[in-house]
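Colleague: For reference, the file work37.cif (mmCIF, C-alpha atoms) is included below:
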data_final
loop_
_atom_site.group_PDB
_atom_site.id
_atom_site.type_symbol
_atom_site.label_atom_id
_atom_site.label_comp_id
_atom_site.auth_asym_id
_atom_site.auth_seq_id
_atom_site.Cartn_x
_atom_site.Cartn_y
_atom_site.Cartn_z
ATOM 1 C CA MET A 414 5.969 -26.215 -12.129
ATOM 2 C CA SER A 415 6.338 -23.872 -15.113
ATOM 3 C CA GLY A 416 6.205 -20.103 -14.640
ATOM 4 C CA ASP A 417 2.791 -19.528 -16.130
ATOM 5 C CA ARG A 418 1.448 -22.630 -14.449
ATOM 6 C CA TRP A 419 2.558 -21.371 -11.025
ATOM 7 C CA SER A 420 0.869 -18.014 -11.548
ATOM 8 C CA GLN A 421 -2.362 -19.527 -12.804
ATOM 9 C CA THR A 422 -2.421 -22.122 -10.027
ATOM 10 C CA VAL A 423 -2.194 -19.310 -7.468
ATOM 11 C CA VAL A 424 -5.137 -17.529 -9.088
ATOM 12 C CA ASP A 425 -7.240 -20.671 -9.516
ATOM 13 C CA ARG A 426 -6.749 -21.684 -5.883
ATOM 14 C CA ALA A 427 -7.572 -18.171 -4.678
ATOM 15 C CA VAL A 428 -10.762 -18.070 -6.736
ATOM 16 C CA ALA A 429 -11.911 -21.444 -5.404
ATOM 17 C CA ALA A 430 -11.064 -20.593 -1.804
ATOM 18 C CA LEU A 431 -12.611 -17.142 -1.684
ATOM 19 C CA ALA A 432 -15.696 -18.049 -3.687
ATOM 20 C CA GLY A 433 -16.381 -20.695 -1.061
ATOM 21 C CA GLY A 434 -16.156 -18.116 1.722
ATOM 22 C CA ALA A 435 -18.373 -15.462 0.155
ATOM 23 C CA ASP A 436 -20.987 -13.814 2.378
ATOM 24 C CA PRO A 437 -23.496 -11.807 0.300
ATOM 25 C CA SER A 438 -24.936 -10.156 3.433
ATOM 26 C CA ARG A 439 -21.586 -8.416 4.016
ATOM 27 C CA ALA A 440 -20.727 -7.710 0.387
ATOM 28 C CA GLU A 441 -22.834 -4.611 -0.205
ATOM 29 C CA PRO A 442 -21.885 -2.784 3.034
ATOM 30 C CA MET A 443 -18.211 -3.487 2.308
ATOM 31 C CA ALA A 444 -18.548 -2.170 -1.248
ATOM 32 C CA ALA A 445 -20.365 0.935 -0.007
ATOM 33 C CA TYR A 446 -17.631 1.661 2.545
ATOM 34 C CA MET A 447 -15.103 1.587 -0.299
ATOM 35 C CA LYS A 448 -17.248 3.901 -2.448
ATOM 36 C CA HIS A 449 -18.051 1.037 -4.838
ATOM 37 C CA VAL A 450 -14.583 1.047 -6.357
ATOM 38 C CA ALA A 451 -15.219 -2.684 -6.894
ATOM 39 C CA PRO A 452 -17.758 -5.330 -5.908
ATOM 40 C CA PHE A 453 -17.015 -7.473 -2.858
ATOM 41 C CA LEU A 454 -17.501 -11.114 -1.956
ATOM 42 C CA GLY A 455 -18.159 -10.136 1.652
ATOM 43 C CA ILE A 456 -15.091 -11.717 3.286
ATOM 44 C CA GLN A 457 -13.354 -9.893 6.113
ATOM 45 C CA ALA A 458 -9.582 -9.694 6.422
ATOM 46 C CA GLY A 459 -8.986 -12.473 8.958
ATOM 47 C CA PRO A 460 -11.056 -15.143 7.190
ATOM 48 C CA ARG A 461 -9.639 -14.063 3.809
ATOM 49 C CA ARG A 462 -6.070 -14.553 4.969
ATOM 50 C CA HIS A 463 -6.940 -17.903 6.539
ATOM 51 C CA LEU A 464 -8.573 -19.158 3.349
ATOM 52 C CA LEU A 465 -5.640 -18.027 1.233
ATOM 53 C CA ARG A 466 -3.036 -19.579 3.531
ATOM 54 C CA ARG A 467 -4.795 -22.914 3.152
ATOM 55 C CA ALA A 468 -5.231 -22.483 -0.598
ATOM 56 C CA TRP A 469 -1.574 -21.650 -1.234
ATOM 57 C CA LYS A 470 -0.061 -24.141 1.202
ATOM 58 C CA GLY A 471 2.549 -26.348 -0.403
ATOM 59 C CA LEU A 472 3.264 -24.173 -3.414
ATOM 60 C CA PRO A 473 6.934 -23.941 -4.370
ATOM 61 C CA ALA A 474 8.649 -20.579 -4.087
ATOM 62 C CA PRO A 475 8.137 -18.517 -7.261
ATOM 63 C CA ALA A 476 10.511 -16.576 -9.435
ATOM 64 C CA SER A 477 10.095 -12.811 -9.275
ATOM 65 C CA ASP A 478 8.113 -12.509 -12.508
ATOM 66 C CA GLU A 479 5.909 -15.459 -11.544
ATOM 67 C CA LEU A 480 4.990 -13.644 -8.351
ATOM 68 C CA GLY A 481 4.313 -10.384 -10.158
ATOM 69 C CA THR A 482 2.273 -12.053 -12.884
ATOM 70 C CA ALA A 483 0.086 -13.851 -10.358
ATOM 71 C CA ALA A 484 -0.542 -10.635 -8.417
ATOM 72 C CA ARG A 485 -1.455 -8.770 -11.598
ATOM 73 C CA ARG A 486 -3.874 -11.489 -12.627
ATOM 74 C CA LEU A 487 -5.562 -11.304 -9.251
ATOM 75 C CA MET A 488 -5.921 -7.528 -9.668
ATOM 76 C CA HIS A 489 -7.810 -8.052 -12.917
ATOM 77 C CA LEU A 490 -10.516 -10.134 -11.271
ATOM 78 C CA ASP A 491 -13.661 -8.279 -10.321
ATOM 79 C CA GLU A 492 -14.110 -8.593 -6.565
ATOM 80 C CA ARG A 493 -12.001 -6.541 -4.184
ATOM 81 C CA GLU A 494 -10.944 -9.487 -2.041
ATOM 82 C CA PHE A 495 -8.899 -10.766 -4.993
ATOM 83 C CA HIS A 496 -7.100 -7.422 -5.100
ATOM 84 C CA TYR A 497 -6.332 -7.799 -1.415
ATOM 85 C CA ALA A 498 -5.160 -11.335 -2.181
ATOM 86 C CA ALA A 499 -2.624 -9.821 -4.587
ATOM 87 C CA TYR A 500 -0.825 -8.021 -1.772
ATOM 88 C CA ASP A 501 -1.321 -10.962 0.595
ATOM 89 C CA LEU A 502 0.493 -13.078 -2.004
ATOM 90 C CA ILE A 503 3.372 -10.644 -2.346
ATOM 91 C CA GLY A 504 3.748 -10.402 1.408
ATOM 92 C CA ARG A 505 3.922 -14.198 1.587
ATOM 93 C CA TYR A 506 6.599 -14.559 -1.094
ATOM 94 C CA LEU A 507 8.385 -11.207 -0.847
ATOM 95 C CA ASP A 508 11.818 -12.823 -0.734
ATOM 96 C CA ALA A 509 11.273 -13.852 -4.357
ATOM 97 C CA ALA A 510 10.989 -10.230 -5.553
ATOM 98 C CA ASP A 511 14.027 -9.053 -7.475
ATOM 99 C CA ASP A 512 15.462 -5.542 -7.717
ATOM 100 C CA ARG A 513 13.155 -4.652 -10.623
ATOM 101 C CA PHE A 514 9.981 -5.740 -8.861
ATOM 102 C CA LEU A 515 9.004 -2.205 -7.848
ATOM 103 C CA THR A 516 9.148 -0.946 -11.424
ATOM 104 C CA ASP A 517 8.100 -4.090 -13.274
ATOM 105 C CA HIS A 518 5.148 -5.033 -11.089
ATOM 106 C CA ILE A 519 4.381 -2.865 -8.051
ATOM 107 C CA GLU A 520 4.019 0.315 -10.089
ATOM 108 C CA VAL A 521 1.397 -1.418 -12.241
ATOM 109 C CA LEU A 522 -0.365 -2.871 -9.216
ATOM 110 C CA LEU A 523 -0.529 0.515 -7.471
ATOM 111 C CA THR A 524 -2.302 2.031 -10.466
ATOM 112 C CA THR A 525 -4.668 -0.836 -11.309
ATOM 113 C CA LYS A 526 -8.188 -0.196 -9.948
ATOM 114 C CA PRO A 527 -6.549 2.068 -7.354
ATOM 115 C CA TRP A 528 -8.045 3.295 -4.118
ATOM 116 C CA TRP A 529 -6.489 3.911 -0.753
ATOM 117 C CA ASP A 530 -7.111 0.351 0.426
ATOM 118 C CA THR A 531 -5.016 -1.404 -2.202
ATOM 119 C CA VAL A 532 -2.407 1.337 -2.460
ATOM 120 C CA ASP A 533 -1.767 1.187 1.279
ATOM 121 C CA GLY A 534 -1.933 -2.615 1.223
ATOM 122 C CA PHE A 535 0.778 -2.823 -1.419
ATOM 123 C CA GLY A 536 2.632 -0.140 0.498
ATOM 124 C CA SER A 537 2.866 -2.309 3.600
ATOM 125 C CA ALA A 538 3.410 -5.617 1.809
ATOM 126 C CA ALA A 539 5.910 -4.496 -0.805
ATOM 127 C CA VAL A 540 6.800 -0.808 -1.115
ATOM 128 C CA SER A 541 8.061 -0.280 2.426
ATOM 129 C CA PRO A 542 10.217 -3.431 2.656
ATOM 130 C CA LEU A 543 11.523 -3.252 -0.917
ATOM 131 C CA CYS A 544 12.462 0.421 -0.525
ATOM 132 C CA ARG A 545 15.093 -0.616 1.986
ATOM 133 C CA ARG A 546 17.070 -2.055 -0.913
ATOM 134 C CA PRO A 547 19.800 -0.092 -2.724
ATOM 135 C CA GLY A 548 18.535 1.704 -5.794
ATOM 136 C CA ALA A 549 14.955 2.145 -4.616
ATOM 137 C CA ALA A 550 15.390 5.871 -3.969
ATOM 138 C CA ALA A 551 15.307 6.604 -7.698
ATOM 139 C CA VAL A 552 11.966 4.818 -8.011
ATOM 140 C CA VAL A 553 10.519 6.807 -5.107
ATOM 141 C CA ASP A 554 11.687 10.069 -6.658
ATOM 142 C CA ARG A 555 10.109 9.156 -9.989
ATOM 143 C CA TRP A 556 6.806 8.302 -8.340
ATOM 144 C CA SER A 557 6.936 11.525 -6.335
ATOM 145 C CA ALA A 558 7.475 13.552 -9.517
ATOM 146 C CA SER A 559 4.591 11.866 -11.350
ATOM 147 C CA GLU A 560 1.091 13.278 -11.663
ATOM 148 C CA ASP A 561 -0.499 10.091 -10.351
ATOM 149 C CA ILE A 562 -1.873 10.648 -6.849
ATOM 150 C CA TRP A 563 -1.499 6.977 -5.937
ATOM 151 C CA LEU A 564 2.171 6.798 -6.896
ATOM 152 C CA ILE A 565 2.720 10.046 -4.994
ATOM 153 C CA ARG A 566 0.946 8.594 -1.955
ATOM 154 C CA ALA A 567 3.102 5.462 -2.123
ATOM 155 C CA ALA A 568 6.257 7.571 -2.435
ATOM 156 C CA ILE A 569 5.442 9.714 0.597
ATOM 157 C CA GLN A 570 4.640 6.630 2.672
ATOM 158 C CA HIS A 571 7.510 4.459 1.454
ATOM 159 C CA GLN A 572 9.165 4.345 4.909
ATOM 160 C CA ARG A 573 6.067 3.569 6.971
ATOM 161 C CA GLY A 574 6.937 0.988 9.572
ATOM 162 C CA TRP A 575 10.670 1.689 9.489
ATOM 163 C CA LYS A 576 10.519 3.178 13.005
ATOM 164 C CA ASP A 577 14.051 4.043 14.202
ATOM 165 C CA ASP A 578 15.457 3.347 10.727
ATOM 166 C CA THR A 579 13.384 6.165 9.229
ATOM 167 C CA ASP A 580 15.409 8.655 7.197
ATOM 168 C CA ILE A 581 13.693 11.704 8.665
ATOM 169 C CA PRO A 582 15.195 14.368 6.343
ATOM 170 C CA ARG A 583 14.250 12.238 3.329
ATOM 171 C CA VAL A 584 10.623 11.857 4.394
ATOM 172 C CA LEU A 585 10.335 15.525 5.336
ATOM 173 C CA ASP A 586 11.647 16.451 1.894
ATOM 174 C CA LEU A 587 8.907 14.368 0.269
ATOM 175 C CA CYS A 588 6.331 16.047 2.517
ATOM 176 C CA ASP A 589 7.687 19.449 1.513
ATOM 177 C CA ARG A 590 7.417 18.611 -2.198
ATOM 178 C CA HIS A 591 3.707 17.886 -1.839
ATOM 179 C CA TRP A 592 2.661 20.342 0.857
ATOM 180 C CA SER A 593 0.720 22.478 -1.608
ATOM 181 C CA ASN A 594 -1.261 19.465 -2.851
ATOM 182 C CA GLN A 595 -4.393 19.522 -0.718
ATOM 183 C CA GLY A 596 -6.054 16.652 -2.518
ATOM 184 C CA PHE A 597 -7.296 14.445 0.294
ATOM 185 C CA PHE A 598 -5.326 11.265 -0.417
ATOM 186 C CA VAL A 599 -2.004 13.046 -0.875
ATOM 187 C CA ALA A 600 -2.566 15.384 2.073
ATOM 188 C CA LYS A 601 -3.476 12.427 4.259
ATOM 189 C CA ALA A 602 -0.253 10.676 3.281
ATOM 190 C CA VAL A 603 1.754 13.773 4.186
ATOM 191 C CA GLY A 604 -0.060 13.979 7.520
ATOM 192 C CA TRP A 605 0.554 10.328 8.331
ATOM 193 C CA ALA A 606 4.231 10.677 7.482
ATOM 194 C CA LEU A 607 4.516 13.678 9.814
ATOM 195 C CA ARG A 608 2.570 11.858 12.520
ATOM 196 C CA ASP A 609 4.981 8.912 12.315
ATOM 197 C CA ILE A 610 8.000 11.218 12.504
ATOM 198 C CA ALA A 611 6.465 13.043 15.480
ATOM 199 C CA ARG A 612 6.918 9.870 17.503
ATOM 200 C CA LEU A 613 10.605 9.795 16.583
ATOM 201 C CA ASP A 614 11.549 13.474 16.486
ATOM 202 C CA PRO A 615 8.759 15.837 17.535
ATOM 203 C CA ALA A 616 11.051 18.867 17.270
ATOM 204 C CA ALA A 617 11.622 18.132 13.585
ATOM 205 C CA VAL A 618 7.877 18.083 12.954
ATOM 206 C CA GLU A 619 7.317 21.297 14.908
ATOM 207 C CA ALA A 620 10.054 22.966 12.869
ATOM 208 C CA PHE A 621 8.545 21.650 9.644
ATOM 209 C CA LEU A 622 5.142 23.085 10.516
ATOM 210 C CA ASP A 623 6.731 26.420 11.443
ATOM 211 C CA ARG A 624 8.340 26.544 8.000
ATOM 212 C CA HIS A 625 4.997 25.851 6.318
ATOM 213 C CA PRO A 626 2.592 28.523 7.576
ATOM 214 C CA ASP A 627 0.209 27.995 4.648
ATOM 215 C CA HIS A 628 -2.020 25.391 6.188
ATOM 216 C CA ASN A 629 -2.683 22.055 4.591
ATOM 217 C CA THR A 630 -5.580 21.317 6.935
ATOM 218 C CA VAL A 631 -5.663 17.536 6.600
ATOM 219 C CA ALA A 632 -1.896 17.159 6.937
ATOM 220 C CA VAL A 633 -1.638 19.562 9.876
ATOM 221 C CA ARG A 634 -4.413 17.751 11.746
ATOM 222 C CA GLU A 635 -2.605 14.407 11.453
ATOM 223 C CA ALA A 636 0.745 15.932 12.376
ATOM 224 C CA ARG A 637 -0.752 17.565 15.459
ATOM 225 C CA ARG A 638 -2.252 14.268 16.516
ATOM 226 C CA GLY A 639 1.195 12.743 16.417
ATOM 227 C CA LEU A 640 2.665 15.579 18.411
ATOM 228 C CA ALA A 641 -0.120 15.383 20.969
ATOM 229 C CA SER A 642 0.540 11.694 21.533
ATOM 230 C CA THR A 643 4.181 12.383 22.385
ATOM 231 C CA SER A 644 3.282 14.916 25.062
ATOM 232 C CA ARG A 645 1.088 12.592 27.105
#
As structure tokens, please, write out the structure in this file.
Modeller:
Amino acid sequence: MSGDRWSQTVVDRAVAALAGGADPSRAEPMAAYMKHVAPFLGIQAGPRRHLLRRAWKGLPAPASDELGTAARRLMHLDEREFHYAAYDLIGRYLDAADDRFLTDHIEVLLTTKPWWDTVDGFGSAAVSPLCRRPGAAAVVDRWSASEDIWLIRAAIQHQRGWKDDTDIPRVLDLCDRHWSNQGFFVAKAVGWALRDIARLDPAAVEAFLDRHPDHNTVAVREARRGLASTSR
């Protein structure tokens, strides 16, 4: 199967599968919850993943650019479920992603029709696992230094799910860089990062908060929730 053919087959199968599972009665409430960033078909996460698994069953493994091209094509469809399908696809075939995948494809995907749902979805499916690879630190630093709130959010959260492998000083440094940014989506990312670290090293989070007396209300609230959970 040629490169372009693989990518288009993925998209065509996703369109057929999800169109068949559309539920108009759910579509408007789902769109409203996401502030109408995109229209919805009305398919919840579990059924969506089931439909896509069936649709993509039997496909050969892609090359890295085939995977990225297919995900980008899905992101350019209208309904939000196709955007979720883009990160479902990457999660399914992540082993195909090469060392340029973050810059060649994920950066574009993070900033295409962005909202917290897709940014965090790509974060879990691609950013977090791919940032374990050598050389990813430079990409994270570039995103952190950008003026794009979604790239900043992805940078701050790039170690979510790493648990005991978390580089605590590294994440705290990213939180420090963006402490003065009280825009909700960046502040929330800082707070979540601190909350995650609180489970691993509560003293480090307490010390961080002591060094930052100028309150970032959203971030502090999330950090304190993490600290509270460790004291139970």
Colleague: I'd like the contact shell of Gly604 in chain A - 6 Å cut-off, all atoms listed in the file, skipping same-chain residues fewer than 6 positions apart - returned as a list in words.
Modeller: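 Once the nearby chain positions are removed, what remains is Ala632, Glu635 and Ala636 of chain A.
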Colleague: Tell me, as a list in words, which residues lie within 10 Å of Met447 in chain A, counting only C-alpha atoms; anything in the same chain fewer than 6 positions away does not count.
Modeller: Glu441, Phe453, Arg493, Trp528, Trp529 and Asp530 of chain A
Colleague: Can I get the residues of range 415-485 of chain A within 12 Å of range 537-555 of chain A, each with the closest pair of atoms and their distance in Å to one decimal, using only C-alpha atoms, sorted chain first then ascending number, as a tab-separated table?
Modeller:
residue	atom	partner	partner_atom	distance
A:Leu480	CA	A:Ala539	CA	11.9
A:Gly481	CA	A:Ala539	CA	11.2
A:Ala484	CA	A:Ala539	CA	11.7
Colleague: Which polymer residues have any atom within 10 Å of an atom of range 424-429 of chain A, counting all atoms listed in the file, with same-chain residues fewer than 5 positions away left out, as a list in words?
Modeller: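 These residues fall inside the cut-off: Arg418, Trp419, Gly434, Arg461, Leu464, Leu465, Arg466, Arg467, Ala468, Trp469, Thr482, Ala483, Ala484, Arg485, Arg486, Leu487, Leu490, Glu494, Phe495, Ala498, Ala499 and Leu502 of chain A.
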Colleague: Hey, can you spit out that residue selection with C-alpha atoms as a PDB file, in the frame of the given file?
Modeller:
ATOM      1  CA  ARG A 418       1.448 -22.630 -14.449  1.00  0.00           C
ATOM      2  CA  TRP A 419       2.558 -21.371 -11.025  1.00  0.00           C
ATOM      3  CA  GLY A 434     -16.156 -18.116   1.722  1.00  0.00           C
ATOM      4  CA  ARG A 461      -9.639 -14.063   3.809  1.00  0.00           C
ATOM      5  CA  LEU A 464      -8.573 -19.158   3.349  1.00  0.00           C
ATOM      6  CA  LEU A 465      -5.640 -18.027   1.233  1.00  0.00           C
ATOM      7  CA  ARG A 466      -3.036 -19.579   3.531  1.00  0.00           C
ATOM      8  CA  ARG A 467      -4.795 -22.914   3.152  1.00  0.00           C
ATOM      9  CA  ALA A 468      -5.231 -22.483  -0.598  1.00  0.00           C
ATOM     10  CA  TRP A 469      -1.574 -21.650  -1.234  1.00  0.00           C
ATOM     11  CA  THR A 482       2.273 -12.053 -12.884  1.00  0.00           C
ATOM     12  CA  ALA A 483       0.086 -13.851 -10.358  1.00  0.00           C
ATOM     13  CA  ALA A 484      -0.542 -10.635  -8.417  1.00  0.00           C
ATOM     14  CA  ARG A 485      -1.455  -8.770 -11.598  1.00  0.00           C
ATOM     15  CA  ARG A 486      -3.874 -11.489 -12.627  1.00  0.00           C
ATOM     16  CA  LEU A 487      -5.562 -11.304  -9.251  1.00  0.00           C
ATOM     17  CA  LEU A 490     -10.516 -10.134 -11.271  1.00  0.00           C
ATOM     18  CA  GLU A 494     -10.944  -9.487  -2.041  1.00  0.00           C
ATOM     19  CA  PHE A 495      -8.899 -10.766  -4.993  1.00  0.00           C
ATOM     20  CA  ALA A 498      -5.160 -11.335  -2.181  1.00  0.00           C
ATOM     21  CA  ALA A 499      -2.624  -9.821  -4.587  1.00  0.00           C
ATOM     22  CA  LEU A 502       0.493 -13.078  -2.004  1.00  0.00           C
TER      23      LEU A 502
END
Colleague: Using the chain letters and residue numbers of this document, give as number ranges by chain the residues selected by the PyMOL selection byres ((chain A and resi 593-600) around 6).
Modeller: A: 566, 591-592, 601-603, 631-632
Colleague: One decimal, in Å: what's the spacing between CA of Ala616 in chain A and CA of Gly574 in chain A?
Modeller: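 Going from CA of Ala616 in chain A over to CA of Gly574 in chain A, I get 19.9 Å.
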Colleague: Which is closest to Asp501 in chain A among A:Ser477, A:Thr531, A:Thr422, A:Ser559, if we use only C-alpha atoms?
Modeller: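 Once distances to Asp501 in chain A are computed over only C-alpha atoms, the minimum belongs to A:Thr531.
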